[in-house]
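With PDB, C-alpha atoms inside, this is structure-v1.pdb:
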ATOM      1  CA  MET A   1     -18.278 -41.633  23.721
ATOM      2  CA  SER A   2     -16.688 -39.557  21.001
ATOM      3  CA  LYS A   3     -13.213 -39.104  19.651
ATOM      4  CA  LEU A   4     -11.689 -36.614  17.247
ATOM      5  CA  PRO A   5      -8.478 -37.453  15.345
ATOM      6  CA  GLY A   6      -5.460 -36.708  17.495
ATOM      7  CA  GLN A   7      -7.532 -35.966  20.597
ATOM      8  CA  PRO A   8      -8.165 -38.043  23.720
ATOM      9  CA  GLN A   9     -11.491 -39.794  24.093
ATOM     10  CA  ILE A  10     -14.195 -37.609  25.694
ATOM     11  CA  ARG A  11     -17.172 -39.035  27.531
ATOM     12  CA  THR A  12     -20.455 -37.286  26.794
ATOM     13  CA  GLN A  13     -21.952 -36.211  30.122
ATOM     14  CA  ARG A  14     -25.691 -36.249  30.804
ATOM     15  CA  VAL A  15     -27.026 -33.039  32.357
ATOM     16  CA  ALA A  16     -30.598 -32.964  33.643
ATOM     17  CA  PHE A  17     -32.427 -29.661  34.191
ATOM     18  CA  VAL A  18     -35.250 -29.562  36.739
ATOM     19  CA  VAL A  19     -38.061 -27.415  35.294
ATOM     20  CA  TYR A  20     -41.674 -26.786  36.273
ATOM     21  CA  ASP A  21     -44.485 -24.304  35.689
ATOM     22  CA  GLU A  22     -43.452 -20.670  36.356
ATOM     23  CA  VAL A  23     -39.741 -21.494  36.098
ATOM     24  CA  THR A  24     -37.524 -18.551  35.114
ATOM     25  CA  LEU A  25     -36.750 -19.006  31.431
ATOM     26  CA  LEU A  26     -33.197 -17.640  31.468
ATOM     27  CA  ASP A  27     -32.296 -19.940  34.377
ATOM     28  CA  VAL A  28     -32.807 -22.753  31.873
ATOM     29  CA  SER A  29     -31.937 -21.260  28.484
ATOM     30  CA  GLY A  30     -28.704 -19.563  29.612
ATOM     31  CA  PRO A  31     -26.998 -22.721  30.935
ATOM     32  CA  LEU A  32     -28.428 -24.775  28.058
ATOM     33  CA  GLU A  33     -26.868 -22.439  25.519
ATOM     34  CA  VAL A  34     -23.484 -22.657  27.245
ATOM     35  CA  LEU A  35     -23.592 -26.454  27.016
ATOM     36  CA  HIS A  36     -24.812 -26.291  23.418
ATOM     37  CA  GLN A  37     -21.859 -24.092  22.483
ATOM     38  CA  ALA A  38     -19.497 -26.428  24.347
ATOM     39  CA  ASN A  39     -20.652 -29.197  21.992
ATOM     40  CA  ARG A  40     -19.385 -27.409  18.887
ATOM     41  CA  GLY A  41     -17.069 -29.862  17.132
ATOM     42  CA  THR A  42     -17.149 -32.369  19.997
ATOM     43  CA  PRO A  43     -20.263 -33.780  21.712
ATOM     44  CA  ARG A  44     -19.443 -33.145  25.352
ATOM     45  CA  TYR A  45     -22.900 -32.836  26.889
ATOM     46  CA  GLU A  46     -26.314 -34.457  26.478
ATOM     47  CA  THR A  47     -29.084 -32.385  28.061
ATOM     48  CA  ILE A  48     -32.534 -33.418  29.228
ATOM     49  CA  LEU A  49     -35.403 -31.425  30.732
ATOM     50  CA  VAL A  50     -37.097 -33.063  33.713
ATOM     51  CA  SER A  51     -40.394 -31.937  35.239
ATOM     52  CA  PRO A  52     -42.627 -33.463  37.920
ATOM     53  CA  ASN A  53     -45.107 -34.924  35.390
ATOM     54  CA  GLY A  54     -43.272 -34.726  32.074
ATOM     55  CA  GLY A  55     -44.768 -33.111  28.980
ATOM     56  CA  THR A  56     -44.940 -29.336  28.554
ATOM     57  CA  VAL A  57     -44.290 -26.719  31.233
ATOM     58  CA  THR A  58     -45.011 -23.003  31.003
ATOM     59  CA  THR A  59     -42.262 -20.609  32.069
ATOM     60  CA  ALA A  60     -42.811 -17.381  33.990
ATOM     61  CA  ALA A  61     -42.280 -15.523  30.706
ATOM     62  CA  GLY A  62     -45.218 -17.385  29.150
ATOM     63  CA  LEU A  63     -43.136 -19.446  26.737
ATOM     64  CA  THR A  64     -43.375 -23.219  26.971
ATOM     65  CA  LEU A  65     -40.763 -25.936  27.292
ATOM     66  CA  ALA A  66     -41.910 -29.085  25.515
ATOM     67  CA  GLY A  67     -40.684 -32.646  25.691
ATOM     68  CA  THR A  68     -39.817 -32.771  29.378
ATOM     69  CA  VAL A  69     -39.711 -36.183  31.010
ATOM     70  CA  PRO A  70     -40.752 -37.275  34.516
ATOM     71  CA  PRO A  71     -37.979 -38.213  36.949
ATOM     72  CA  ASN A  72     -38.661 -41.963  36.786
ATOM     73  CA  GLU A  73     -37.743 -41.961  33.085
ATOM     74  CA  VAL A  74     -34.432 -40.138  33.360
ATOM     75  CA  GLY A  75     -31.968 -42.862  34.289
ATOM     76  CA  GLN A  76     -28.442 -42.036  35.384
ATOM     77  CA  VAL A  77     -27.201 -38.426  35.112
ATOM     78  CA  ASP A  78     -23.826 -36.838  35.717
ATOM     79  CA  THR A  79     -25.029 -33.358  36.638
ATOM     80  CA  VAL A  80     -28.397 -32.000  37.711
ATOM     81  CA  VAL A  81     -29.196 -28.290  37.392
ATOM     82  CA  ILE A  82     -32.156 -26.941  39.376
ATOM     83  CA  ALA A  83     -33.537 -23.791  37.776
ATOM     84  CA  GLY A  84     -35.114 -21.077  39.904
ATOM     85  CA  ALA A  85     -38.403 -19.191  40.138
ATOM     86  CA  ASP A  86     -39.595 -16.323  42.307
ATOM     87  CA  HIS A  87     -42.068 -18.437  44.270
ATOM     88  CA  LEU A  88     -39.423 -20.889  45.507
ATOM     89  CA  ALA A  89     -38.194 -18.352  48.065
ATOM     90  CA  GLU A  90     -41.621 -18.485  49.685
ATOM     91  CA  GLN A  91     -42.341 -22.189  49.356
ATOM     92  CA  VAL A  92     -40.932 -25.125  47.406
ATOM     93  CA  PRO A  93     -43.788 -27.177  45.901
ATOM     94  CA  ASP A  94     -43.780 -30.811  46.998
ATOM     95  CA  ASP A  95     -43.658 -32.140  43.441
ATOM     96  CA  VAL A  96     -40.614 -30.006  42.613
ATOM     97  CA  ARG A  97     -38.873 -31.112  45.793
ATOM     98  CA  ARG A  98     -39.601 -34.787  45.057
ATOM     99  CA  THR A  99     -38.367 -34.449  41.467
ATOM    100  CA  ALA A 100     -35.144 -32.838  42.613
ATOM    101  CA  ALA A 101     -34.645 -35.465  45.329
ATOM    102  CA  VAL A 102     -34.722 -38.287  42.765
ATOM    103  CA  LEU A 103     -32.134 -36.622  40.538
ATOM    104  CA  VAL A 104     -29.881 -35.388  43.346
ATOM    105  CA  SER A 105     -29.592 -38.942  44.657
ATOM    106  CA  ARG A 106     -28.281 -40.098  41.254
ATOM    107  CA  ALA A 107     -26.020 -37.236  40.164
ATOM    108  CA  GLU A 108     -22.300 -36.856  40.701
ATOM    109  CA  ARG A 109     -22.662 -33.074  40.675
ATOM    110  CA  VAL A 110     -25.593 -30.878  41.666
ATOM    111  CA  ALA A 111     -26.059 -27.239  40.662
ATOM    112  CA  SER A 112     -28.728 -24.621  41.257
ATOM    113  CA  VAL A 113     -29.457 -21.340  39.524
ATOM    114  CA  CYS A 114     -30.860 -18.392  41.459
ATOM    115  CA  THR A 115     -33.629 -19.512  43.846
ATOM    116  CA  GLY A 116     -33.087 -23.125  42.826
ATOM    117  CA  ALA A 117     -30.923 -23.125  45.969
ATOM    118  CA  PHE A 118     -34.147 -23.140  47.999
ATOM    119  CA  VAL A 119     -34.973 -26.557  46.549
ATOM    120  CA  LEU A 120     -31.617 -27.948  47.678
ATOM    121  CA  ALA A 121     -32.117 -26.250  51.039
ATOM    122  CA  ALA A 122     -35.524 -27.922  51.399
ATOM    123  CA  LEU A 123     -33.802 -31.278  50.860
ATOM    124  CA  GLY A 124     -31.238 -30.489  53.544
ATOM    125  CA  ALA A 125     -28.511 -30.921  50.933
ATOM    126  CA  LEU A 126     -26.834 -27.593  51.742
ATOM    127  CA  ASP A 127     -26.749 -27.948  55.525
ATOM    128  CA  GLY A 128     -23.252 -27.182  56.758
ATOM    129  CA  ARG A 129     -22.200 -26.005  53.306
ATOM    130  CA  ARG A 130     -21.461 -22.660  51.673
ATOM    131  CA  ALA A 131     -24.035 -21.518  49.112
ATOM    132  CA  THR A 132     -25.451 -18.485  47.370
ATOM    133  CA  THR A 133     -28.626 -17.346  45.651
ATOM    134  CA  HIS A 134     -30.043 -14.140  44.170
ATOM    135  CA  TRP A 135     -29.051 -11.177  46.342
ATOM    136  CA  ARG A 136     -32.703 -10.292  46.852
ATOM    137  CA  HIS A 137     -33.335 -13.662  48.528
ATOM    138  CA  ALA A 138     -30.013 -14.311  50.275
ATOM    139  CA  GLU A 139     -31.237 -13.041  53.630
ATOM    140  CA  THR A 140     -34.377 -15.188  53.360
ATOM    141  CA  LEU A 141     -32.299 -18.275  52.582
ATOM    142  CA  ALA A 142     -30.072 -17.628  55.584
ATOM    143  CA  ARG A 143     -33.047 -17.002  57.888
ATOM    144  CA  LYS A 144     -35.064 -20.029  56.791
ATOM    145  CA  HIS A 145     -32.064 -22.343  56.707
ATOM    146  CA  PRO A 146     -29.583 -21.240  59.388
ATOM    147  CA  LYS A 147     -27.396 -24.323  58.871
ATOM    148  CA  ILE A 148     -26.376 -23.004  55.438
ATOM    149  CA  HIS A 149     -23.415 -20.614  55.225
ATOM    150  CA  VAL A 150     -24.906 -18.123  52.751
ATOM    151  CA  GLU A 151     -22.447 -16.002  50.747
ATOM    152  CA  PRO A 152     -24.630 -13.167  49.419
ATOM    153  CA  ASP A 153     -21.947 -11.506  47.289
ATOM    154  CA  ALA A 154     -20.752 -14.543  45.327
ATOM    155  CA  LEU A 155     -21.762 -15.161  41.707
ATOM    156  CA  HIS A 156     -21.378 -18.887  42.266
ATOM    157  CA  VAL A 157     -20.118 -21.092  45.102
ATOM    158  CA  THR A 158     -18.758 -24.641  44.971
ATOM    159  CA  ASP A 159     -18.813 -26.802  48.093
ATOM    160  CA  GLY A 160     -18.219 -30.488  47.532
ATOM    161  CA  ARG A 161     -20.452 -31.754  44.752
ATOM    162  CA  TYR A 162     -22.839 -28.820  45.120
ATOM    163  CA  VAL A 163     -22.560 -25.633  43.046
ATOM    164  CA  THR A 164     -24.994 -22.775  43.666
ATOM    165  CA  SER A 165     -25.250 -19.542  41.723
ATOM    166  CA  ALA A 166     -26.685 -16.067  42.062
ATOM    167  CA  GLY A 167     -29.590 -14.592  40.159
ATOM    168  CA  ILE A 168     -30.667 -15.531  36.644
ATOM    169  CA  SER A 169     -27.784 -14.599  34.305
ATOM    170  CA  ALA A 170     -25.310 -15.928  36.893
ATOM    171  CA  GLY A 171     -26.417 -19.352  35.667
ATOM    172  CA  ILE A 172     -24.250 -18.624  32.620
ATOM    173  CA  ASP A 173     -21.269 -17.879  34.885
ATOM    174  CA  LEU A 174     -21.920 -21.099  36.784
ATOM    175  CA  THR A 175     -22.156 -23.237  33.659
ATOM    176  CA  LEU A 176     -18.984 -21.749  32.195
ATOM    177  CA  ALA A 177     -17.271 -22.735  35.455
ATOM    178  CA  LEU A 178     -18.626 -26.285  35.070
ATOM    179  CA  VAL A 179     -17.344 -26.470  31.492
ATOM    180  CA  GLU A 180     -13.956 -25.212  32.635
ATOM    181  CA  ALA A 181     -13.824 -27.839  35.384
ATOM    182  CA  ASP A 182     -14.789 -30.584  32.927
ATOM    183  CA  HIS A 183     -12.791 -29.608  29.852
ATOM    184  CA  GLY A 184     -10.323 -26.900  30.818
ATOM    185  CA  PRO A 185     -10.110 -23.128  30.411
ATOM    186  CA  ASP A 186      -9.574 -23.158  26.642
ATOM    187  CA  VAL A 187     -12.959 -24.738  25.949
ATOM    188  CA  ALA A 188     -14.721 -22.476  28.451
ATOM    189  CA  ARG A 189     -12.988 -19.414  27.036
ATOM    190  CA  GLU A 190     -14.093 -20.306  23.506
ATOM    191  CA  VAL A 191     -17.709 -20.668  24.669
ATOM    192  CA  ALA A 192     -17.543 -17.316  26.476
ATOM    193  CA  ARG A 193     -16.106 -15.701  23.356
ATOM    194  CA  GLU A 194     -18.885 -17.165  21.205
ATOM    195  CA  LEU A 195     -21.566 -15.914  23.609
ATOM    196  CA  VAL A 196     -19.809 -12.538  24.032
ATOM    197  CA  VAL A 197     -19.790 -12.780  27.825
ATOM    198  CA  PHE A 198     -17.129 -12.613  30.517
ATOM    199  CA  MET A 199     -15.524 -15.957  31.234
ATOM    200  CA  GLN A 200     -15.145 -14.704  34.809
ATOM    201  CA  ARG A 201     -17.378 -11.706  35.365
ATOM    202  CA  PRO A 202     -15.788  -8.887  37.391
ATOM    203  CA  GLY A 203     -17.445  -7.971  40.668
ATOM    204  CA  GLY A 204     -19.930  -9.734  42.877
ATOM    205  CA  GLN A 205     -23.637  -9.396  43.492
ATOM    206  CA  SER A 206     -23.062  -6.490  45.845
ATOM    207  CA  GLN A 207     -22.598  -4.198  42.865
ATOM    208  CA  PHE A 208     -26.350  -4.595  42.347
ATOM    209  CA  SER A 209     -27.435  -4.238  45.964
ATOM    210  CA  THR A 210     -28.359  -1.378  48.273
ATOM    211  CA  ALA A 211     -29.014   1.641  46.044
ATOM    212  CA  ILE A 212     -30.863  -0.445  43.459
ATOM    213  CA  ALA A 213     -32.563  -2.739  45.949
ATOM    214  CA  THR A 214     -33.990   0.067  48.077
ATOM    215  CA  PRO A 215     -37.646   0.554  47.121
ATOM    216  CA  PRO A 216     -38.719   4.110  46.278
ATOM    217  CA  ALA A 217     -39.594   5.974  49.438
ATOM    218  CA  LYS A 218     -43.219   6.990  49.807
ATOM    219  CA  SER A 219     -42.539  10.043  51.953
ATOM    220  CA  ASP A 220     -40.742  13.082  50.592
ATOM    221  CA  PRO A 221     -38.316  13.452  53.540
ATOM    222  CA  LEU A 222     -37.097   9.857  53.244
ATOM    223  CA  ARG A 223     -36.842  10.069  49.469
ATOM    224  CA  VAL A 224     -34.701  13.212  49.685
ATOM    225  CA  ALA A 225     -32.574  11.802  52.516
ATOM    226  CA  THR A 226     -31.775   8.508  50.789
ATOM    227  CA  ALA A 227     -31.017  10.248  47.503
ATOM    228  CA  ALA A 228     -28.570  12.554  49.290
ATOM    229  CA  VAL A 229     -26.740   9.600  50.854
ATOM    230  CA  VAL A 230     -26.480   7.690  47.579
ATOM    231  CA  ALA A 231     -25.258  10.813  45.760
ATOM    232  CA  ASP A 232     -22.456  11.455  48.270
ATOM    233  CA  PRO A 233     -21.898   8.639  50.784
ATOM    234  CA  ALA A 234     -18.780  10.290  52.217
ATOM    235  CA  ALA A 235     -20.599  13.452  53.337
ATOM    236  CA  ASP A 236     -21.702  14.097  56.914
ATOM    237  CA  HIS A 237     -24.807  11.962  57.287
ATOM    238  CA  SER A 238     -25.089  11.820  61.051
ATOM    239  CA  LEU A 239     -28.684  11.412  62.134
ATOM    240  CA  PRO A 240     -29.110  15.026  63.370
ATOM    241  CA  THR A 241     -27.524  16.441  60.208
ATOM    242  CA  LEU A 242     -29.545  14.251  57.868
ATOM    243  CA  ALA A 243     -32.776  14.965  59.700
ATOM    244  CA  ALA A 244     -32.128  18.714  59.649
ATOM    245  CA  SER A 245     -31.434  18.606  55.906
ATOM    246  CA  VAL A 246     -34.972  17.328  55.262
ATOM    247  CA  ALA A 247     -36.612  19.432  57.992
ATOM    248  CA  VAL A 248     -37.779  16.615  60.278
ATOM    249  CA  SER A 249     -36.732  15.509  63.738
ATOM    250  CA  PRO A 250     -34.189  12.677  64.176
ATOM    251  CA  ARG A 251     -36.895  10.602  65.833
ATOM    252  CA  HIS A 252     -39.280  11.078  62.908
ATOM    253  CA  LEU A 253     -36.594  10.222  60.330
ATOM    254  CA  THR A 254     -35.708   7.081  62.274
ATOM    255  CA  ARG A 255     -39.380   6.131  62.277
ATOM    256  CA  LEU A 256     -39.575   6.607  58.494
ATOM    257  CA  PHE A 257     -36.551   4.338  57.952
ATOM    258  CA  GLN A 258     -38.052   1.667  60.181
ATOM    259  CA  THR A 259     -41.514   1.869  58.632
ATOM    260  CA  GLU A 260     -40.545   2.012  54.956
ATOM    261  CA  LEU A 261     -37.134   0.310  54.790
ATOM    262  CA  GLN A 262     -37.264  -1.917  57.889
ATOM    263  CA  THR A 263     -33.863  -0.727  59.085
ATOM    264  CA  THR A 264     -32.196   2.111  60.948
ATOM    265  CA  PRO A 265     -30.604   5.165  59.297
ATOM    266  CA  GLY A 266     -27.186   4.095  60.545
ATOM    267  CA  ARG A 267     -27.382   0.565  59.137
ATOM    268  CA  TRP A 268     -28.685   1.751  55.780
ATOM    269  CA  ILE A 269     -26.024   4.442  55.438
ATOM    270  CA  GLU A 270     -23.291   1.948  56.327
ATOM    271  CA  ARG A 271     -24.509  -0.385  53.584
ATOM    272  CA  VAL A 272     -24.516   2.391  50.983
ATOM    273  CA  ARG A 273     -20.995   3.365  52.040
ATOM    274  CA  LEU A 274     -19.907  -0.255  51.800
ATOM    275  CA  ASP A 275     -21.313  -0.455  48.266
ATOM    276  CA  ARG A 276     -19.295   2.626  47.323
ATOM    277  CA  ALA A 277     -16.146   1.194  48.952
ATOM    278  CA  GLN A 278     -16.534  -2.031  46.986
ATOM    279  CA  GLN A 279     -16.826  -0.132  43.726
ATOM    280  CA  LEU A 280     -13.793   1.990  44.593
ATOM    281  CA  ILE A 281     -11.779  -1.163  45.245
ATOM    282  CA  LEU A 282     -12.892  -2.640  41.915
ATOM    283  CA  ASP A 283     -11.849   0.630  40.252
ATOM    284  CA  GLY A 284      -8.309   0.174  41.579
ATOM    285  CA  HIS A 285      -8.270   2.349  44.700
ATOM    286  CA  SER A 286      -6.357   1.192  47.740
ATOM    287  CA  ILE A 287      -8.269  -0.110  50.729
ATOM    288  CA  THR A 288      -7.331   3.008  52.707
ATOM    289  CA  ALA A 289      -8.563   5.291  49.920
ATOM    290  CA  ALA A 290     -11.760   3.267  49.528
ATOM    291  CA  ALA A 291     -12.459   3.601  53.241
ATOM    292  CA  ARG A 292     -11.879   7.355  53.175
ATOM    293  CA  HIS A 293     -13.767   8.205  49.986
ATOM    294  CA  SER A 294     -16.745   5.993  50.805
ATOM    295  CA  GLY A 295     -17.321   7.680  54.151
ATOM    296  CA  LEU A 296     -16.398   4.633  56.244
ATOM    297  CA  GLY A 297     -13.303   6.511  57.359
ATOM    298  CA  SER A 298     -10.698   3.998  58.487
ATOM    299  CA  ASP A 299      -9.351   0.645  57.327
ATOM    300  CA  GLU A 300     -10.629  -0.950  60.528
ATOM    301  CA  THR A 301     -14.166   0.382  60.037
ATOM    302  CA  LEU A 302     -14.092  -0.908  56.462
ATOM    303  CA  ARG A 303     -12.893  -4.332  57.617
ATOM    304  CA  ARG A 304     -15.687  -4.551  60.167
ATOM    305  CA  ALA A 305     -18.289  -3.596  57.551
ATOM    306  CA  PHE A 306     -16.966  -6.232  55.125
ATOM    307  CA  ALA A 307     -17.046  -8.895  57.836
ATOM    308  CA  ARG A 308     -20.535  -7.929  58.995
ATOM    309  CA  HIS A 309     -22.237  -7.717  55.593
ATOM    310  CA  LEU A 310     -20.135  -9.824  53.212
ATOM    311  CA  SER A 311     -18.385 -12.330  55.487
ATOM    312  CA  THR A 312     -15.026 -11.563  53.887
ATOM    313  CA  THR A 313     -12.188  -9.042  54.099
ATOM    314  CA  PRO A 314     -11.413  -6.086  51.793
ATOM    315  CA  THR A 315      -8.146  -7.773  50.797
ATOM    316  CA  GLU A 316      -9.863 -11.039  49.857
ATOM    317  CA  TYR A 317     -12.591  -9.167  47.996
ATOM    318  CA  LYS A 318      -9.961  -7.260  46.018
ATOM    319  CA  ARG A 319      -8.129 -10.500  45.196
ATOM    320  CA  ARG A 320     -11.287 -12.264  44.031
ATOM    321  CA  PHE A 321     -12.951  -9.557  41.997
ATOM    322  CA  GLN A 322     -10.600  -6.827  40.880
ATOM    323  CA  VAL A 323      -9.792  -7.028  37.183
ATOM    324  CA  THR A 324      -6.086  -6.654  36.466
ATOM    325  CA  GLY A 325      -4.578  -5.558  33.204
TER     326      GLY A 325
END
The structure given in the file should be rewritten as structure tokens.
Amino acid sequence: MSKLPGQPQIRTQRVAFVVYDEVTLLDVSGPLEVLHQANRGTPRYETILVSPNGGTVTTAAGLTLAGTVPPNEVGQVDTVVIAGADHLAEQVPDDVRRTAAVLVSRAERVASVCTGAFVLAALGALDGRRATTHWRHAETLARKHPKIHVEPDALHVTDGRYVTSAGISAGIDLTLALVEADHGPDVAREVARELVVFMQRPGGQSQFSTAIATPPAKSDPLRVATAAVVADPAADHSLPTLAASVAVSPRHLTRLFQTELQTTPGRWIERVRLDRAQQLILDGHSITAAARHSGLGSDETLRRAFARHLSTTPTEYKRRFQVTG
């Protein structure tokens, strides 16, 4: 407990971070730095690193985290933060799952960064709840754990005592939100100012999605076709027109999309157009203008695309993410 003159008494909260070999360093260091900055002048948080066996763990970046403790030595915690790693999307190691289970059972609040959501999913903790993870792994999370309502565009999602966040640096966004919930917007804003980051970052994960996520095409026709769509989503990209522009048959172009991108031309083009519509909305365009200039055409087509890919509406997306002056 700590008290500054003229201020109410503040209880120091214990926050345990679940770490392990190959953990993503920024998933740990980003949230830790937010809590460290929140302690300036007033000790608000006590942090502890917890690993399956205690001792030193080696991060994916090759740097080590020393002084971790095993779960049976932790005691009571207020919040547990489960850091992510690339391999968790494929399989959650038993020792990591067991470590998390011990801490989750004790904590009042449970958070995950990036693919740390897969650990909570493996425990069944997110069943029936809304959650998010890195955009690259959102589809995998939804497929492996159909009881979870995955929100692929969110930077962080709170449902009950569980808070999940998107990829890597979104752990900073998540932790700022925790600080704000615990100590109010003034404290969180001061931390954000000190770290020179947004207190509430504009936009969602979708701003990083289709064009960037699409792997480079191996075949020249597909590479030229996808580049043309990204460069001008609103142009005529019907299958016959697109195929003719790269001198292949519609059937052959469809085969290239299926083989290299595991999707159809129509679905991929719709996603690129949706990305452009989202950016237009964030830039201040009306929903009607965003639909027209992105190539989706009508408000109704835009609404259907938002519902299908983002599980939200254009109006709600604009309300949540557009930055106002």
Exercise. Can you tell me, as a count of residues only, what residues are no more than 9 Å from Ala38 (chain A) when counting all atoms listed in the file, ignoring any on the same chain fewer than 3 positions away?
Worked result: 13
Exercise. Once the PyMOL selection byres ((chain A and resi 166) around 8) has been applied to the shown file, what residues remain in the selection, as a PyMOL selection string?
Worked result: chain A and resi 113-115+132-135+154-156+164-165+167-171+205
For this session: Tell me which protein, DNA and RNA residues are within 12 Å of Val102 (chain A), counting all atoms listed in the file, leaving out same-chain ones fewer than 6 positions away, and put them as an MDAnalysis selection string.
Result: chainID A and resid 16 18 50:52 70:77 80 95:96 110 120 123
Output C-alpha atoms for every residue in the selection just made, as a PDB file, in the coordinates of the input.
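again_30.pdb was written with the following content:
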ATOM      1  CA  ALA A  16     -30.598 -32.964  33.643  1.00  0.00           C
ATOM      2  CA  VAL A  18     -35.250 -29.562  36.739  1.00  0.00           C
ATOM      3  CA  VAL A  50     -37.097 -33.063  33.713  1.00  0.00           C
ATOM      4  CA  SER A  51     -40.394 -31.937  35.239  1.00  0.00           C
ATOM      5  CA  PRO A  52     -42.627 -33.463  37.920  1.00  0.00           C
ATOM      6  CA  PRO A  70     -40.752 -37.275  34.516  1.00  0.00           C
ATOM      7  CA  PRO A  71     -37.979 -38.213  36.949  1.00  0.00           C
ATOM      8  CA  ASN A  72     -38.661 -41.963  36.786  1.00  0.00           C
ATOM      9  CA  GLU A  73     -37.743 -41.961  33.085  1.00  0.00           C
ATOM     10  CA  VAL A  74     -34.432 -40.138  33.360  1.00  0.00           C
ATOM     11  CA  GLY A  75     -31.968 -42.862  34.289  1.00  0.00           C
ATOM     12  CA  GLN A  76     -28.442 -42.036  35.384  1.00  0.00           C
ATOM     13  CA  VAL A  77     -27.201 -38.426  35.112  1.00  0.00           C
ATOM     14  CA  VAL A  80     -28.397 -32.000  37.711  1.00  0.00           C
ATOM     15  CA  ASP A  95     -43.658 -32.140  43.441  1.00  0.00           C
ATOM     16  CA  VAL A  96     -40.614 -30.006  42.613  1.00  0.00           C
ATOM     17  CA  VAL A 110     -25.593 -30.878  41.666  1.00  0.00           C
ATOM     18  CA  LEU A 120     -31.617 -27.948  47.678  1.00  0.00           C
ATOM     19  CA  LEU A 123     -33.802 -31.278  50.860  1.00  0.00           C
TER      20      LEU A 123
END
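Among A:Ala117, A:Leu256, A:Leu302, A:Ala122, the residue with the shortest atom-to-atom distance to Arg98 (chain A), counting all atoms listed in the file, is A:Ala122.
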What are the centre and the three edge lengths of an axis-aligned box that wraps all atoms of region 84-89 of chain A in the file, given that 6 Å is added to every side, written as lines of an AutoDock Vina configuration file and rounded to one decimal in Å?
center_x = -38.6
center_y = -18.7
center_z = 44.0
size_x = 19.0
size_y = 16.8
size_z = 20.2
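Using only C-alpha atoms, the protein and nucleic acid residues lying no more than 6 Å from Val81 (chain A), apart from those fewer than 5 places from it along its own chain, are Phe17, Ala111 and Ser112 of chain A.
Between CA of Glu151 (chain A) and CA of Gly266 (chain A) the interatomic distance comes to 22.9 Å.
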For this session: I need the residue set behind the PyMOL selection byres ((chain A and resi 19) around 12) for this file; please write it as number ranges by chain.
Result: A: 16-18, 20-29, 48-60, 64-71, 80-85, 95-97, 99-100, 112-113, 116, 119
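Here CA of Asp159 (chain A) and CA of Gln37 (chain A) stand 25.9 Å from one another.
Atom to atom, CA of Gly128 (chain A) and CA of Pro146 (chain A) stand 9.1 Å apart.
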Exercise. Which residues come within 10 Å of Asp232 (chain A), counting all atoms listed in the file, excluding same-chain residues fewer than 2 positions away, as a PyMOL selection string?
Worked result: chain A and resi 227-230+234-237+272-273+276+293-295
Any chance you could export the current selection's C-alpha atoms as a CSV table (one decimal), in the frame of the given file?
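This is the output file selection_12.csv:
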chain,number,residue,atom,x,y,z
A,227,ALA,CA,-31.0,10.2,47.5
A,228,ALA,CA,-28.6,12.6,49.3
A,229,VAL,CA,-26.7,9.6,50.9
A,230,VAL,CA,-26.5,7.7,47.6
A,234,ALA,CA,-18.8,10.3,52.2
A,235,ALA,CA,-20.6,13.5,53.3
A,236,ASP,CA,-21.7,14.1,56.9
A,237,HIS,CA,-24.8,12.0,57.3
A,272,VAL,CA,-24.5,2.4,51.0
A,273,ARG,CA,-21.0,3.4,52.0
A,276,ARG,CA,-19.3,2.6,47.3
A,293,HIS,CA,-13.8,8.2,50.0
A,294,SER,CA,-16.7,6.0,50.8
A,295,GLY,CA,-17.3,7.7,54.2
Seminar exercise, completed: In terms of all atoms listed in the file, the residue from A:Leu282, A:Arg189, A:Ser298, A:Pro233 at minimal distance from Glu316 (chain A) is A:Leu282
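Considering the residues A:Asp299, A:Glu108, A:Glu180, A:Asp94 and counting all atoms listed in the file, Thr79 (chain A) has its shortest atom-to-atom contact with A:Glu108.
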